[in-house]
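What follows is a set of notes on a single structure, which appears directly below.
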Amino acid sequence: MSTAKTSEPTEVAEHTEPATYDVHAAQEKWRPVWEALDPFRALDDGSKPRRYALTMFPYPSGDLHMGHGEVLALHDVLARYWRLRGYDVLNPIGWDSFGLPAENAAIRRDEHPAVYTYANIEVQAESLRRYAVSFDWSRRLHTSDPDYYRWTQWLFLRFREKGLAYRKGSYVNWCPNDQTVLANEQVVGGVCDRCGAVVIKRELTQWYFRITSYAQRLLDDMSLLEGCWPERVLAMQRNWIGRSEGAFADFAVEDPDGRPREPLRVFTTRPDTLFGATFMVVAPESALAAELVSDEQRAAYEAYLIDTQRATEIERLATDRPKTGVFLGAYATNPTTGQRVPIWAADYVLADYGTGAIMAVPGQDQRDWDFAVAHDLPIVRTVQPPDEFDGEAYAGDGVAINSTNDEISLDGLGVDEAKARIAEWLETAALGERTVNYRLRDWLLSRQRYWGCPIPIVHCTDCGEVAVPDDQLPVELPYLSGTDLIPKGTSPLAAATDWVQTSCPRCGGDAQRDTDTMDTFVDSSWYFLRYCSPGYDRGPYDPEVVNRWMPAANYFGGAEHAVLHLLYFRFFTKVLHDLGMLDGLEPTESLINQGQVINLGRAMSKSLGNGVDLREQIDTYGVDAVRLTMVFAGPPEDDVDWADLSPSGSLRFLQRAWRLARDVTAPVDADVATGDVGLRRVTHRTVHEVGQLLESRRFNVAVARIMELVNAARKTIDAGPGGSDAAVRESAEVVAQLLSLVAPYTAEEMWAALGHQPTVATTSWPEVDEALLVAESVTCVVQVQGKVRARLDVPPDVDTATLEQLALADEHAQRAIDGRPVLRVIVRAPSLVNVVV
RNA sequence: GCUCCUGUAGCCCAAUCGGCAGAGGCAGACGGCUUAAACCCGUCACAGUGUGGGUUCGAUUCCCACCAGGAGCACCA
């Protein structure tokens, strides 16, 4: 055995083996091996601690792109790392396969949306397998499968039973291009998030989820995510939910003909300025406006309403546009001053925030100031601005003025005190109350499109809205294709008359099915739960199994979902918790938003012609080199510019690593203790550090450490013993294992070259010999006045006093001290001494 | 306009508790291998950390102001 250790193999190797391996052949070679071994299936048998690695599932539009390449590479490093660390890893994959692009493609190509959808899914699935993401394919799901959307419908019905899904008429966002309504979250800067068309408002009856009743909990439970989710996402959600504390105040109102009617309730965050409310404004499209308007003003109001509705969201959003409005001919009474104040309608007041009406306090609110100036309304300051203040409305802190009546005086109080005092007064006088308002609106979930989950409701002439009984789910989509799907402003489902006409589940009479489908964000709000027990048929998931895996240990995905999917799936999680179907309160422990892949400084786009194709990159450099490039590019949350990167450099490194394994001649059972200690130290330190780096998700630095190890091993080979040193074998094995997280094909090639059976992916994390982590000696820097003057080689455990003596005795240090008295010596053993003179 | 993040070598990025500014890579120069080139191997150079101040024995790191770039929000009463 000992004779086999010596030189004979190296010479043979040089002449017969190529200096590189064929990356593409390796891809062909290992895929079937892995598929046969099936090493990535989650066991869920309790033999190991469980860990759930979740990544946002793809939408099947065409093949995977560079963005997928990045997030999947990063995500897979974590999943594979946990597996080596001995966890039972759940790493599932599926498709978010309902949605508009498939429907639009179906119209273009005159076919059924499923054709496009499932063809793309197959293309992507093939690419994912080639990309060697360690998914458990046995759990694959598609949200457009009846087996899946049956349970989306089932969940909708449970929400409805709890009063969390309901229908109401309201002014809603309408995309004229996609011919469907949109949720608030899907309107960005006044345009459709998906197609960029300018959104308009229409009054329609639609389905909503009552997410607003979870506003406070969505806010409060962020404390559980603090430090584990990116601060940016939490900030955006906090901002979106938009909690504001204030009070309702009731203003007595008389009809145009002088009769008293129900008071006008407003929400304000500044109840302390109530004395300064000199007029009121209601949203023009609110029912309130139509009720209050006098006969003389009706024509003017109606003209204004039409103008408002014609205005697009973009125009309404422009901050500097003049404040328009119309007097309604009605008056309210300021409860503090008893003054009669006019009521106006103006489009700077929103119908769906607060009560749709405000008290206007021009002295302290710039918008009201602008309006007052434009329409010649009185302005009264109720907070004293500072002397140097030269603005118009004053919104800052200061003492109250002009705020006294027979019952109460706020004068002289600061804003906070005044707020508390007036709120008390409002409450005792039954004129209002303290309250909290949220910017968050209910989630509009119905869509007038075909390729989505049908809403399982039947409308009966006698019974009204009736839920489809659970045992009749799923309500499957009728077969429609091509021109049937052309948007007509109503749901395409309405045209499927045979499907629409049904009998009422309650009374058996004639009834019509609801013809809207659900927003696809509903589908994606619970898919991560379905993964846990994919075949389960007694509910959307098996709660017992789900509670074993949830919450997901990490969630990878793009930041563009910060207030969409990431808010919705938190909402679902909380509702399911309240339904007793889920233990946890939050869906994932940690979240990483990967950056975008850009090229030449800009987002890739067809019009700029700077697109990079993932498949082409893989064809050129191989899967491993592309994955490595993505992981090594920088911190995961940073944008990566493909033009700054070098997939060819990555490939070069992988070949170098592979050559290391090829050059190993020490036998599998060589006694590693006999190996080069210097290299062994590097090897063990690398394992230790890479472990720490991966725990803190610093993937790029971890790769750099692996590169260092390869360099160190190469140096050892070149320096003396060649590949026969047992330490070289040890380092090559460690490289193969660490590299298996990033470059699975290369790692497998190395593992085989080292004489091992596949697969390296299921080995266990190399054990670190603590003794080898301690350096033989360390360099101690000796500073004088903070400047480095000398370096000393000292034992790592040197004590403070000894080190101080050594440092002061050093001739370079003495020269720098130059005879001056030593005032202070700071010693940080073993690495630094600073002498202060 | 408001909020948040980021500024380190020609470029991408390290420096974990305030302690030697450089781990890794790209691009580059030189040398070796080669008939030659590519590949491969080796060696080398390049910044004092956006700017100005402060705290400290010591600041890339902490604090303040400013500049630049990026992201988010923007009539929410």
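Residues in the structure tokens are named by chain (A, B, ... in the order shown) and by number from 1 within that chain; ligands are numbered from 1 in the order shown.
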
Just the residues within 8 Å of A:Glu804, please, counting only C-alpha atoms (C1' of nucleotides), with nothing from its chain fewer than 4 positions along; format it as a PyMOL selection string. chain A and resi 800+808+825+827+833

Counting only C-alpha atoms (C1' of nucleotides), give me one row per residue of chain B with an atom at most 10 Å from an atom of chain A, showing the shortest contact pair and its distance in Å to one decimal, sorted by chain then residue number, as JSON lines.
```
{"residue": "B:G1", "atom": "C1'", "partner": "A:Thr319", "partner_atom": "CA", "distance": 9.9}
{"residue": "B:U3", "atom": "C1'", "partner": "A:Ala235", "partner_atom": "CA", "distance": 9.2}
{"residue": "B:C4", "atom": "C1'", "partner": "A:Arg232", "partner_atom": "CA", "distance": 6.9}
{"residue": "B:C5", "atom": "C1'", "partner": "A:Arg232", "partner_atom": "CA", "distance": 8.3}
{"residue": "B:U6", "atom": "C1'", "partner": "A:Asp638", "partner_atom": "CA", "distance": 9.7}
{"residue": "B:C11", "atom": "C1'", "partner": "A:Asp644", "partner_atom": "CA", "distance": 6.8}
{"residue": "B:C12", "atom": "C1'", "partner": "A:Asp644", "partner_atom": "CA", "distance": 5.8}
{"residue": "B:C13", "atom": "C1'", "partner": "A:Gly634", "partner_atom": "CA", "distance": 6.3}
{"residue": "B:A14", "atom": "C1'", "partner": "A:Val701", "partner_atom": "CA", "distance": 7.3}
{"residue": "B:U16", "atom": "C1'", "partner": "A:Leu693", "partner_atom": "CA", "distance": 9.4}
{"residue": "B:G19", "atom": "C1'", "partner": "A:Leu832", "partner_atom": "CA", "distance": 6.6}
{"residue": "B:C20", "atom": "C1'", "partner": "A:Val781", "partner_atom": "CA", "distance": 6.3}
{"residue": "B:A23", "atom": "C1'", "partner": "A:Ala704", "partner_atom": "CA", "distance": 7.2}
{"residue": "B:G24", "atom": "C1'", "partner": "A:Ala704", "partner_atom": "CA", "distance": 4.3}
{"residue": "B:G25", "atom": "C1'", "partner": "A:Gly649", "partner_atom": "CA", "distance": 7.7}
{"residue": "B:C26", "atom": "C1'", "partner": "A:Ser646", "partner_atom": "CA", "distance": 6.4}
{"residue": "B:A27", "atom": "C1'", "partner": "A:Asp644", "partner_atom": "CA", "distance": 10.0}
{"residue": "B:C39", "atom": "C1'", "partner": "A:Ala19", "partner_atom": "CA", "distance": 8.9}
{"residue": "B:C40", "atom": "C1'", "partner": "A:Ala19", "partner_atom": "CA", "distance": 8.4}
{"residue": "B:C41", "atom": "C1'", "partner": "A:Asp718", "partner_atom": "CA", "distance": 9.8}
{"residue": "B:C57", "atom": "C1'", "partner": "A:Val836", "partner_atom": "CA", "distance": 5.9}
{"residue": "B:G58", "atom": "C1'", "partner": "A:Gly786", "partner_atom": "CA", "distance": 5.4}
{"residue": "B:A71", "atom": "C1'", "partner": "A:Arg232", "partner_atom": "CA", "distance": 9.3}
{"residue": "B:G72", "atom": "C1'", "partner": "A:Met236", "partner_atom": "CA", "distance": 7.1}
{"residue": "B:C73", "atom": "C1'", "partner": "A:Asn239", "partner_atom": "CA", "distance": 7.7}
{"residue": "B:A74", "atom": "C1'", "partner": "A:Thr319", "partner_atom": "CA", "distance": 7.9}
{"residue": "B:C75", "atom": "C1'", "partner": "A:Tyr348", "partner_atom": "CA", "distance": 5.5}
{"residue": "B:C76", "atom": "C1'", "partner": "A:Arg439", "partner_atom": "CA", "distance": 5.7}
{"residue": "B:A77", "atom": "C1'", "partner": "A:Thr268", "partner_atom": "CA", "distance": 5.7}
```

Those of stretch 109-154 of chain A in DSSP alpha helix (DSSP H), formatted as a PyMOL selection string: chain A and resi 109+113-130+146-154

Looking only at strand (DSSP E or B) from DSSP on the backbone, list the matching residues of stretch 89-285 of chain A as a PyMOL selection string. chain A and resi 89-90+94-95+141-142+165-175+180-182+187-188+191-192+198+200-209+243-254+260-268+279-282

For a test of reading the model, state the distance in Å between atom CA of A:Leu614 and atom CA of A:Tyr131, rounded to one decimal. 10.3 Å

Write out as number ranges by chain each polymer residue whose atoms come within 12 Å of A:Arg513, counting only C-alpha atoms (C1' of nucleotides); drop sequence neighbours fewer than 6 positions from it. A: 454-461, 464-468, 475-478, 491, 493-505

Name all residues at most 12 Å from B:C66 (count only C-alpha atoms (C1' of nucleotides); drop same-chain ones fewer than 2 positions away) and give them as a PyMOL selection string. chain B and resi 50-53+64+68

Please provide the set of residues having any atom within 12 Å of A:Ala771, restricted to only C-alpha atoms (C1' of nucleotides), with same-chain residues fewer than 3 positions apart removed, written as a PyMOL selection string. chain A and resi 677+680-681+684-685+767-768+774-776

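The shortest atom-to-atom distance to B:U8, with only C-alpha atoms (C1' of nucleotides) taken into account, belongs to B:U49 out of B:U49, B:G28, B:G42, B:C33.
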